[in-house]
Amino acid sequence: MRVGMPPPSSAPNRFEHVPLTVHLGSAEASRAVAAEIAELIRAHQAEGKPTVLGLATGSTPLSVYAELIRLHREEGLSFRTVTSFNLDEYSPLTAVHPQSYRRFMDINLFEHIDIPRENTHVPDGAVPAGRVAAYCEGYEAKIREAGGIDLQVLGIGRTGHIGFNEPGSARRSRTRLVTLDPVTRRDAAEDFGGEEHTPRYAITMGIRTILEARRIVLMAWGQHKAEIVRAAVEGPITAQVTASFLQEHDHARFVLDQAAAGALTRHRTPWLLGPLEDQGLVWDARMTRRAILWLSQTRQKPILKLTDDDYNESGLQDLLRVHGSAYDANLGGFYQMQHTITGWPGGRDPQRTRPGDAPVRPLMASSAGVYPKRIVVLSPHPDDDVISMGGTLCRLADHGHEVHIAYQVSGSNAVSDEALWRILRFASDAGLSEGSRSDSLRGLCEAYEASGVLPPSDELARWKGLVRRQEAAAAARLCGVPLGRLHFLDLPFYRPSAGRRRTIGSADVARMREFLGKIRPHLIFAAGDLDDPHGTHRLCLRALREALLQGSGEPWTRESELWLYRGAWAEWAPDEIDMAVPLSPQEVLRRRRAIFRHESQKDQALFLGEDRREFWQRSEDRSRRLAETYNALGLAEYEAIEAFRRYSPQEFMRDAPL
């Protein structure tokens with residue numbers, strides 16, 4: 001085996017066409033990749049050989065680069081014998097542009113290690129159009145002159161691209177100028193202040209260039225990469241998913257965290273690979289429910305109508321062996337789903353419970369007898385609360401609980417210049433400002449009217465954040481949460497200049513911990529919507545986890561429960577749901593009105609991602625579709641359902657899918 005080439009984490013199976021290693025989380029996976037790179041460099045140095053690395057940009061390799069910096073500073077890893085070639089660069093873009101990949105590499109790696117500057121190569125995005133072809137040929141020549149790439153590090157885009165080899169890229173392609181896919185541009189839009197300012201072109205290494213590397217490691221973190229990872233690993237080799245070309249490479253390997261591996265057969269439907277005990281798995285309640293729901297949806301039958309033949313013909317004979325019959329298995333799956341449904345998401349007042357009342361499900365052991373409860377709803381952006389759990393939020397407030405909403409970031413980046421201009425023009429024309437401030441506002445308005453852009457400044461960002469605050473206050477008031485229970489945390493990681501380089505720091509964690517320690521909630525509702533392509537949800541959830549870790553000795557953490565919601569970007573699979581809150585038609589309309597209070601995001605939201613529906617449409621479609629799913633399983637029929645997954649703080653600190 002080649003130096004630093006660890007085996008896959010489990011034996012290959014008939015569905016997977018490329019070796020892969022699955023780690024618990026991205027931090028552990030990043031350390032493993034960095035260790036592999038370090039081992040290769042040291043082995044080559046011992047032999048007196050240079051090392052040539054192919055490097056990637058974006059959020060995925062950031063933690064790898066951080067670990068390489070640590071290895072350099074603390075363990076003496078030298079990069080003096082290393083030459084690097086980056087995959088790509090936006091065009092036209094100068095090397096000093098804040099969003100250039102040269103700047104990215106300098107800030108996140110090169111400036112912190114001893115690699116010679118002349119040994120670092122990043123495509124030049126400022127090359128004039130007439131010289132691009134010759135420049136790309138020269139880039140290829142430099143790779144050949146260096147002896148070829150020893151280890152190529154890759155990420156994977158949501159279209160399945162590696163480098164900027166978008167869908168349709170040819171297997172034989174070399175370094176060249178490409179037109180970026182609309183999905184890729186939308187994903188990058190926040191970094192550039194909107195899709196209209198995002199470059200349309202890029203210079204990228206080609207597929208053939210990448211496949212000529214002697215070893216390739218593709219990394220993917222998070223659930224938003226799960227489906228495209230499945231397509232690249234288990235699907236056919238196709239130019240529509242250029243990462244699938246790695247199946248042809250003898251020494252390519254995917255390194256994943258559990259969330260990114262979640263759509264693979266080994267995780268989603270492991271019974272198709274054979275008996276679970278042979279895979280180190282068991283038929284626990286969660287796995288049983290997943291299999292029965294999968295069977296119900298596959299056979300298009302309600303749970304209680306599934307037969308022995310349905311189980312046998314779908315590879316679930318092993319589950320029949322455990323339960324004895326389809327009848328007994330069906331009942332177990334049906335009752336699990338039935339027990340997720342509750343109209344009392346915070347529990348019921350024991351003083352008002354009457355004999356014959358429906359049970360409050362699911363039971364919350366740690367705080368079941370507490371009423372009313374202190375409840376914290378964490379909303380990454382100022383509208384995620386009402387988009388994803390607006391009906392439940394109204395229900396909690398109406399039931400008399402002490403509901404606090406904490407908005408974790410300002411959301412200022414998502415306010416368009418046009419939306420702010422309208423407010424500034426109103427303030428100016430209405431005479432709401434005086435003296436020099438009035439002149440300043442008038443000047444800003446005239447600048448926008450002339451150019452269509454407001455000149456960026458810290459004050460402008462503060463004003464945009466204030467717009468989001470007022471909208472959030474209006475939406476919360478409609479849901480029954482008073483202004484005094486709204487908390488605007490403004491976590492420091494969310495700064496306009498950070499772009500995709502955002503990382504959680506000690507100040508973010510300290511602010512989260514201080515807030516939670518002040519409220520000492522019985523229940524915490526937080527966004528588990530990790531499909532957010534801009535990463536804010538993931539970073540907010542990570543800040544929560546670190547705050548809980550640091551405060552794990554505080555008594556309130558042992559008496560609280562955590563519920564994760566989704567809705568803006570994704571939804572829970574039925575087998576992952578622990579609580580389903582049904583909504584009436586009137587509650588759906590009330591939620592819609594709350595979402596509409598976020599006027600700056602209505603009709604003109606800047607960062608919708610690939611899904612072009614407005615957020616209120618996503619909310620209604622997904623909650624209605626979930627209600628239809630429950631109905632198809634043979635459960636009660638509702639207008640809409642909001643769903644949640646439960647963790648204890650201890651479970652979340654250990655198993656959070658980050």
# chains A, B, ... in the order shown; residues from 1 in each chain; ligands from 1
>>> residues_around(residues="Arg469 of chain A", least_positions_apart="6", cutoff="10 Å", atoms="only C-alpha atoms", output="list in words")
Pro382, Asp383, Tyr407, Ser410, Gly411, Ser412, Trp463, Ala475, Leu486, His487, Phe488 and His598 of chain A
>>> residues_around(residues="Val22 of chain A", least_positions_apart="6", cutoff="8 Å", atoms="only C-alpha atoms", output="number ranges by chain")
A: 9, 29, 255-258, 261
>>> write_last_selection(atoms="N, CA, C and O atoms", output="compact mmCIF listing (two decimals), in the first residue's frame")
# COMPACT_ATOMS: atom_id res chain seq x y z
N SER A 9 -13.11 2.60 5.34
CA SER A 9 -13.57 2.34 6.70
C SER A 9 -14.33 1.03 6.81
O SER A 9 -14.55 0.54 7.90
N ALA A 29 -12.36 14.01 10.39
CA ALA A 29 -11.99 13.70 9.00
C ALA A 29 -10.88 14.62 8.51
O ALA A 29 -9.95 14.19 7.82
N VAL A 255 -13.44 10.95 1.39
CA VAL A 255 -13.38 11.08 2.84
C VAL A 255 -14.60 11.90 3.26
O VAL A 255 -14.74 13.05 2.85
N LEU A 256 -15.46 11.30 4.06
CA LEU A 256 -16.76 11.89 4.37
C LEU A 256 -16.98 11.96 5.87
O LEU A 256 -16.42 11.16 6.63
N ASP A 257 -17.82 12.91 6.30
CA ASP A 257 -18.36 12.80 7.65
C ASP A 257 -19.68 12.04 7.56
O ASP A 257 -20.17 11.73 6.46
N GLN A 258 -20.26 11.70 8.70
CA GLN A 258 -21.47 10.87 8.69
C GLN A 258 -22.62 11.54 7.95
O GLN A 258 -23.40 10.86 7.28
N ALA A 261 -22.28 11.14 4.26
CA ALA A 261 -22.46 9.75 3.86
C ALA A 261 -23.89 9.26 4.07
O ALA A 261 -24.21 8.11 3.75
>>> residues_around(residues="segment 447-453 of chain A", least_positions_apart="4", cutoff="12 Å", atoms="only C-alpha atoms", output="PyMOL selection string")
chain A and resi 193-194+196-197+416-422+424-425+440-443+460
>>> write_last_selection(atoms="N, CA and C atoms", output="JSON list (two decimals), in the first residue's frame")
[["chain", "number", "residue", "atom", "x", "y", "z"],
["A", 193, "GLY", "N", -21.92, 39.66, -2.84],
["A", 193, "GLY", "CA", -22.94, 40.68, -2.65],
["A", 193, "GLY", "C", -24.11, 40.56, -3.60],
["A", 194, "GLY", "N", -24.39, 39.35, -4.08],
["A", 194, "GLY", "CA", -25.53, 39.15, -4.97],
["A", 194, "GLY", "C", -25.12, 38.45, -6.25],
["A", 196, "GLU", "N", -25.86, 39.02, -9.28],
["A", 196, "GLU", "CA", -25.51, 39.88, -10.42],
["A", 196, "GLU", "C", -24.04, 40.31, -10.38],
["A", 197, "HIS", "N", -23.40, 40.22, -9.20],
["A", 197, "HIS", "CA", -22.00, 40.61, -9.07],
["A", 197, "HIS", "C", -21.06, 39.41, -9.08],
["A", 416, "SER", "N", -31.15, 43.76, 0.33],
["A", 416, "SER", "CA", -30.65, 44.35, -0.91],
["A", 416, "SER", "C", -30.48, 45.85, -0.75],
["A", 417, "ASP", "N", -29.61, 46.41, -1.58],
["A", 417, "ASP", "CA", -29.45, 47.87, -1.58],
["A", 417, "ASP", "C", -30.76, 48.55, -1.93],
["A", 418, "GLU", "N", -31.53, 47.95, -2.82],
["A", 418, "GLU", "CA", -32.81, 48.55, -3.24],
["A", 418, "GLU", "C", -33.78, 48.63, -2.07],
["A", 419, "ALA", "N", -33.82, 47.56, -1.24],
["A", 419, "ALA", "CA", -34.73, 47.56, -0.09],
["A", 419, "ALA", "C", -34.35, 48.64, 0.91],
["A", 420, "LEU", "N", -33.05, 48.81, 1.15],
["A", 420, "LEU", "CA", -32.62, 49.84, 2.09],
["A", 420, "LEU", "C", -32.83, 51.23, 1.49],
["A", 421, "TRP", "N", -32.58, 51.36, 0.20],
["A", 421, "TRP", "CA", -32.79, 52.67, -0.45],
["A", 421, "TRP", "C", -34.22, 53.17, -0.26],
["A", 422, "ARG", "N", -35.19, 52.28, -0.40],
["A", 422, "ARG", "CA", -36.58, 52.70, -0.24],
["A", 422, "ARG", "C", -36.82, 53.28, 1.15],
["A", 424, "LEU", "N", -34.44, 54.55, 3.21],
["A", 424, "LEU", "CA", -33.69, 55.80, 3.35],
["A", 424, "LEU", "C", -34.36, 56.94, 2.62],
["A", 425, "ARG", "N", -34.90, 56.66, 1.44],
["A", 425, "ARG", "CA", -35.59, 57.70, 0.67],
["A", 425, "ARG", "C", -36.83, 58.18, 1.43],
["A", 440, "SER", "N", -26.60, 63.57, 4.33],
["A", 440, "SER", "CA", -25.95, 62.27, 4.10],
["A", 440, "SER", "C", -26.93, 61.28, 3.49],
["A", 441, "LEU", "N", -28.15, 61.23, 4.05],
["A", 441, "LEU", "CA", -29.15, 60.31, 3.52],
["A", 441, "LEU", "C", -29.51, 60.66, 2.09],
["A", 442, "ARG", "N", -29.67, 61.96, 1.84],
["A", 442, "ARG", "CA", -30.02, 62.38, 0.49],
["A", 442, "ARG", "C", -28.90, 62.01, -0.49],
["A", 443, "GLY", "N", -27.65, 62.17, -0.05],
["A", 443, "GLY", "CA", -26.52, 61.82, -0.90],
["A", 443, "GLY", "C", -26.47, 60.33, -1.20],
["A", 460, "LEU", "N", -23.78, 51.22, 6.85],
["A", 460, "LEU", "CA", -24.78, 50.64, 5.96],
["A", 460, "LEU", "C", -25.15, 49.22, 6.41]]
>>> select_by_dssp(residues="segment 550-648 of chain A", states="alpha helix (DSSP H)", output="count of residues only")
35
>>> select_by_dssp(residues="segment 158-192 of chain A", states="strand (DSSP E)", output="list of chain:residue names")
A:Arg176, A:Leu177, A:Val178, A:Thr179
>>> residues_around(residues="Ala260 of chain A", least_positions_apart="3", cutoff="6 Å", atoms="only C-alpha atoms", output="ChimeraX atom specification")
/A:221-223,225-226,256-257
>>> write_last_selection(atoms="C-alpha atoms", output="compact mmCIF listing (two decimals), in the first residue's frame")
# COMPACT_ATOMS: atom_id res chain seq x y z
CA TRP A 221 -18.95 17.44 4.86
CA GLY A 222 -22.60 17.91 5.75
CA GLN A 223 -26.01 16.63 4.77
CA LYS A 225 -23.65 17.09 0.09
CA ALA A 226 -25.22 13.68 0.81
CA LEU A 256 -16.76 11.89 4.37
CA ASP A 257 -18.36 12.80 7.65
>>> closest_atom_pairs(of="segment 569-636 of chain A", to="segment 302-316 of chain A", cutoff="9 Å", atoms="only C-alpha atoms", output="Markdown table")
| residue | atom | partner | partner_atom | distance |
| --- | --- | --- | --- | --- |
| A:Asn631 | CA | A:Pro302 | CA | 8.4 |
| A:Ala632 | CA | A:Pro302 | CA | 5.8 |
| A:Leu633 | CA | A:Pro302 | CA | 4.3 |
| A:Gly634 | CA | A:Pro302 | CA | 4.7 |
| A:Leu635 | CA | A:Pro302 | CA | 8.3 |
>>> write_last_selection(atoms="all heavy atoms", output="mmCIF file, in the first residue's frame")
data_model
loop_
_atom_site.group_PDB
_atom_site.id
_atom_site.type_symbol
_atom_site.label_atom_id
_atom_site.label_comp_id
_atom_site.auth_asym_id
_atom_site.auth_seq_id
_atom_site.Cartn_x
_atom_site.Cartn_y
_atom_site.Cartn_z
ATOM 1 N N ASN A 631 -50.494 10.854 6.138
ATOM 2 C CA ASN A 631 -51.764 10.291 5.693
ATOM 3 C C ASN A 631 -51.544 9.018 4.873
ATOM 4 O O ASN A 631 -52.241 8.013 5.048
ATOM 5 C CB ASN A 631 -52.518 11.329 4.860
ATOM 6 C CG ASN A 631 -53.894 10.866 4.449
ATOM 7 O OD1 ASN A 631 -54.585 10.193 5.203
ATOM 8 N ND2 ASN A 631 -54.297 11.216 3.239
ATOM 9 N N ALA A 632 -50.540 9.038 3.982
ATOM 10 C CA ALA A 632 -50.259 7.872 3.147
ATOM 11 C C ALA A 632 -49.785 6.683 3.970
ATOM 12 O O ALA A 632 -49.971 5.525 3.576
ATOM 13 C CB ALA A 632 -49.220 8.225 2.090
ATOM 14 N N LEU A 633 -49.177 6.951 5.119
ATOM 15 C CA LEU A 633 -48.734 5.861 5.994
ATOM 16 C C LEU A 633 -49.892 5.239 6.763
ATOM 17 O O LEU A 633 -49.712 4.224 7.441
ATOM 18 C CB LEU A 633 -47.687 6.382 6.988
ATOM 19 C CG LEU A 633 -46.350 6.820 6.388
ATOM 20 C CD1 LEU A 633 -45.493 7.513 7.449
ATOM 21 C CD2 LEU A 633 -45.603 5.632 5.791
ATOM 22 N N GLY A 634 -51.060 5.841 6.653
ATOM 23 C CA GLY A 634 -52.235 5.311 7.336
ATOM 24 C C GLY A 634 -52.563 6.028 8.616
ATOM 25 O O GLY A 634 -53.399 5.557 9.402
ATOM 26 N N LEU A 635 -51.938 7.198 8.851
ATOM 27 C CA LEU A 635 -52.192 7.975 10.054
ATOM 28 C C LEU A 635 -53.239 9.044 9.752
ATOM 29 O O LEU A 635 -53.778 9.098 8.656
ATOM 30 C CB LEU A 635 -50.884 8.590 10.544
ATOM 31 C CG LEU A 635 -49.884 7.517 11.035
ATOM 32 C CD1 LEU A 635 -48.463 7.967 10.816
ATOM 33 C CD2 LEU A 635 -50.131 7.199 12.495
#
>>> residues_around(residues="Arg268 of chain A", least_positions_apart="3", cutoff="12 Å", atoms="only C-alpha atoms", output="list in words")
Ala226, Glu227, Arg230, Gln258, Ala259, Ala260, Ala261, Gly262, Ala263, Leu264, Thr265, Trp271, Leu272, Leu273, Arg286, Met287, Arg290, Ala291, Leu293, Trp294, Ala573, Asp575 and Glu576 of chain A
>>> closest_atom_pairs(of="segment 168-189 of chain A", to="segment 198-202 of chain A", cutoff="8 Å", atoms="only C-alpha atoms", output="tab-separated table")
residue	atom	partner	partner_atom	distance
A:Leu177	CA	A:Ala202	CA	5.7
A:Val178	CA	A:Ala202	CA	5.5
A:Thr179	CA	A:Tyr201	CA	4.6
A:Leu180	CA	A:Tyr201	CA	5.4
A:Arg185	CA	A:Thr198	CA	6.4
A:Ala188	CA	A:Thr198	CA	7.0
A:Ala189	CA	A:Thr198	CA	5.7
>>> write_last_selection(atoms="C-alpha atoms", output="short mmCIF file (atom, residue, chain, number, x, y, z; two decimals), in the first residue's frame")
data_model
loop_
_atom_site.label_atom_id
_atom_site.label_comp_id
_atom_site.auth_asym_id
_atom_site.auth_seq_id
_atom_site.Cartn_x
_atom_site.Cartn_y
_atom_site.Cartn_z
CA LEU A 177 -11.73 28.81 -19.17
CA VAL A 178 -15.26 27.61 -18.31
CA THR A 179 -18.71 29.13 -17.89
CA LEU A 180 -20.02 28.58 -14.38
CA ARG A 185 -23.01 31.03 -9.07
CA ALA A 188 -21.26 31.88 -4.35
CA ALA A 189 -23.60 34.88 -4.59
#
>>> closest_residue(among="A:Tyr101, A:Tyr371, A:Tyr565, A:Phe85", to="Ala643 of chain A", atoms="only C-alpha atoms")
A:Tyr565
>>> residues_around(residues="Val132 of chain A", least_positions_apart="3", cutoff="12 Å", atoms="only C-alpha atoms", output="PyMOL selection string")
chain A and resi 91-92+123-129+135-139+175-178+201-204
>>> closest_residue(among="A:Leu40, A:Met219, A:Leu151, A:Ala213", to="Ser63 of chain A", atoms="only C-alpha atoms")
A:Met219
>>> atom_distance(atom1="atom CA of Ile41 of chain A", atom2="atom CA of Gln247 of chain A")
25.5 Å
